[in-house]
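A.B. asks: This is the structure, below, for whatever I ask next.
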Amino acid sequence: MQPAANIQRAYSFANLSAYSFKERWLIRAADLAFFILIKLIGRTVKFEIEGWENWEAASRDGKIPIYTFWHNRVFLSTYFWQRRGIVVMPSQSFDGEYIARFIQRFGCGAARGSSTRGATGAVVEMVRLMRAGCPTAFTIDGPKGPRYVAKMGAVLLAKKTGNPILPFTIAAEKYWEARNSWDGFQVPKPFTRAHVLIAPPIFVSANADEALLNAKRDELQNSLDDLNHRGDKKPER
């Protein structure tokens, strides 16, 4: 597939013909509901940013970031980073489909594997899209957890592309939490403050061996743990 076709596919809604009529209706309803909810609440949130110089460092010399964050921060992350063309890798599932659609409404893209290659094919597509100039993002403990445990995807993508991993979190001062979900999904309350904390970029050598890859994953884990700790310490006002 040519780069232009890859890019067009990432930013276009997927065909839902494999789903039943009821599932198609539910996917479209959930997509629109989340889009409207994120748009309305996001407009009321006051964002305070710490570490923007780290985003600038990750964007120098022709590099583009691999944004990396926890799954339960999707709500505000989608709003804050909208219209940047960031490509994510949704799971191949009912939930993954409506998530892909509402993030696409915010100007993001979705990298999908084929029905046979699955996640491996989606990672290959993300490599191609990065080489075509598209930034990417990982909910690094998704799609099913364990919660707050970093997986290897962003590290492997950084090795393949030479682009830096950019860990961040968005910590809302007041939010609702889905206590029955594996990730404790957070929905910010209207008019709350939210702290955007961006860590220094992490670079991975193209010739990194397994030991170095594991060390980089540990570095990413520690960076995100530190962001969580700092975000949780922000006082309510």
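The way I read the labels, and the way they are meant: chains A, B, ... in the order of the structure tokens, residue 1 as the first residue of every chain, and ligand 1 as the first ligand shown, with later ones counted on from there.
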Taking 3 positions as the minimum chain separation for residues in the same chain, which residues sit within 12 Å of segment 41-47 of chain A when counting only C-alpha atoms? Answer as a PDB file with C-alpha atoms, in the first residue's frame.
C.D. replies:
ATOM      1  CA  PHE A  34     -18.181  10.247  23.498  1.00  0.00           C
ATOM      2  CA  PHE A  35     -17.346  12.863  20.867  1.00  0.00           C
ATOM      3  CA  ILE A  36     -20.022  15.244  22.141  1.00  0.00           C
ATOM      4  CA  LEU A  37     -19.182  14.589  25.801  1.00  0.00           C
ATOM      5  CA  ILE A  38     -15.446  15.148  25.305  1.00  0.00           C
ATOM      6  CA  GLU A  50       4.421  21.635  32.856  1.00  0.00           C
ATOM      7  CA  VAL A  74      -7.867   8.913  27.020  1.00  0.00           C
ATOM      8  CA  PHE A  75     -10.697  11.421  27.612  1.00  0.00           C
ATOM      9  CA  LEU A  76      -8.665  14.570  28.223  1.00  0.00           C
ATOM     10  CA  SER A  77      -5.689  13.412  26.152  1.00  0.00           C
ATOM     11  CA  THR A  78      -7.930  13.215  23.081  1.00  0.00           C
ATOM     12  CA  TYR A  79      -9.163  16.751  23.669  1.00  0.00           C
ATOM     13  CA  PHE A  80      -5.828  18.337  24.583  1.00  0.00           C
ATOM     14  CA  TRP A  81      -3.848  16.886  21.639  1.00  0.00           C
ATOM     15  CA  GLN A  82      -6.621  17.192  19.040  1.00  0.00           C
ATOM     16  CA  PHE A 106     -10.839  14.971  16.773  1.00  0.00           C
ATOM     17  CA  THR A 169      -0.073  12.410  31.764  1.00  0.00           C
ATOM     18  CA  ILE A 170      -3.091  14.632  32.240  1.00  0.00           C
ATOM     19  CA  ALA A 171      -4.266  14.746  35.849  1.00  0.00           C
ATOM     20  CA  ALA A 172      -7.710  16.250  36.402  1.00  0.00           C
ATOM     21  CA  GLU A 173      -8.260  17.649  39.871  1.00  0.00           C
ATOM     22  CA  LYS A 174     -11.895  16.512  39.926  1.00  0.00           C
ATOM     23  CA  TYR A 175     -13.222  13.572  37.957  1.00  0.00           C
ATOM     24  CA  VAL A 187     -14.057  11.429  33.094  1.00  0.00           C
ATOM     25  CA  PRO A 188     -13.204  14.963  34.278  1.00  0.00           C
ATOM     26  CA  LYS A 189     -15.876  17.046  35.945  1.00  0.00           C
ATOM     27  CA  PRO A 190     -16.858  20.233  34.098  1.00  0.00           C
ATOM     28  CA  PHE A 191     -14.794  23.348  34.907  1.00  0.00           C
ATOM     29  CA  THR A 192     -12.066  21.432  36.723  1.00  0.00           C
ATOM     30  CA  ARG A 193      -8.367  22.174  36.356  1.00  0.00           C
ATOM     31  CA  ALA A 194      -6.186  19.609  34.656  1.00  0.00           C
ATOM     32  CA  HIS A 195      -2.401  19.385  34.882  1.00  0.00           C
ATOM     33  CA  VAL A 196      -0.586  18.346  31.723  1.00  0.00           C
ATOM     34  CA  LEU A 197       2.784  16.901  32.764  1.00  0.00           C
TER      35      LEU A 197
END
A.B. asks: DSSP on the backbone: which residues in segment 9-210 of chain A end up as strand (DSSP E or B)? Give the answer as a ChimeraX atom specification.
C.D. replies: /A:46-50,66-69,87-88,109-110,136-139,165-172,175-177,186-188,193-198,202
A.B. asks: Residues at most 10 Å from Ile198 of chain A, counting only C-alpha atoms, excluding those fewer than 2 positions away in the same chain, as a PyMOL selection string?
C.D. replies: chain A and resi 49-55+67-69+166-170+195-196+200-201+223-224+227
A.B. asks: Could you list, as a list in words, every residue within 7 Å of Val88 of chain A, counting only C-alpha atoms and ignoring same-chain residues fewer than 6 positions away?
C.D. replies: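 So the residues in contact are Gly109, Ala110, Ala111, Thr136, Ala137 and Phe138 of chain A.
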A.B. asks: Would you output that residue set with C-alpha atoms, as a PDB file, in the first residue's frame?
C.D. replies:
ATOM      1  CA  GLY A 109      -5.818   8.560  12.994  1.00  0.00           C
ATOM      2  CA  ALA A 110      -6.237   4.834  13.661  1.00  0.00           C
ATOM      3  CA  ALA A 111      -3.713   2.199  12.569  1.00  0.00           C
ATOM      4  CA  THR A 136       1.755   8.328  16.914  1.00  0.00           C
ATOM      5  CA  ALA A 137       0.465   7.523  20.395  1.00  0.00           C
ATOM      6  CA  PHE A 138       0.196   4.500  22.674  1.00  0.00           C
TER       7      PHE A 138
END
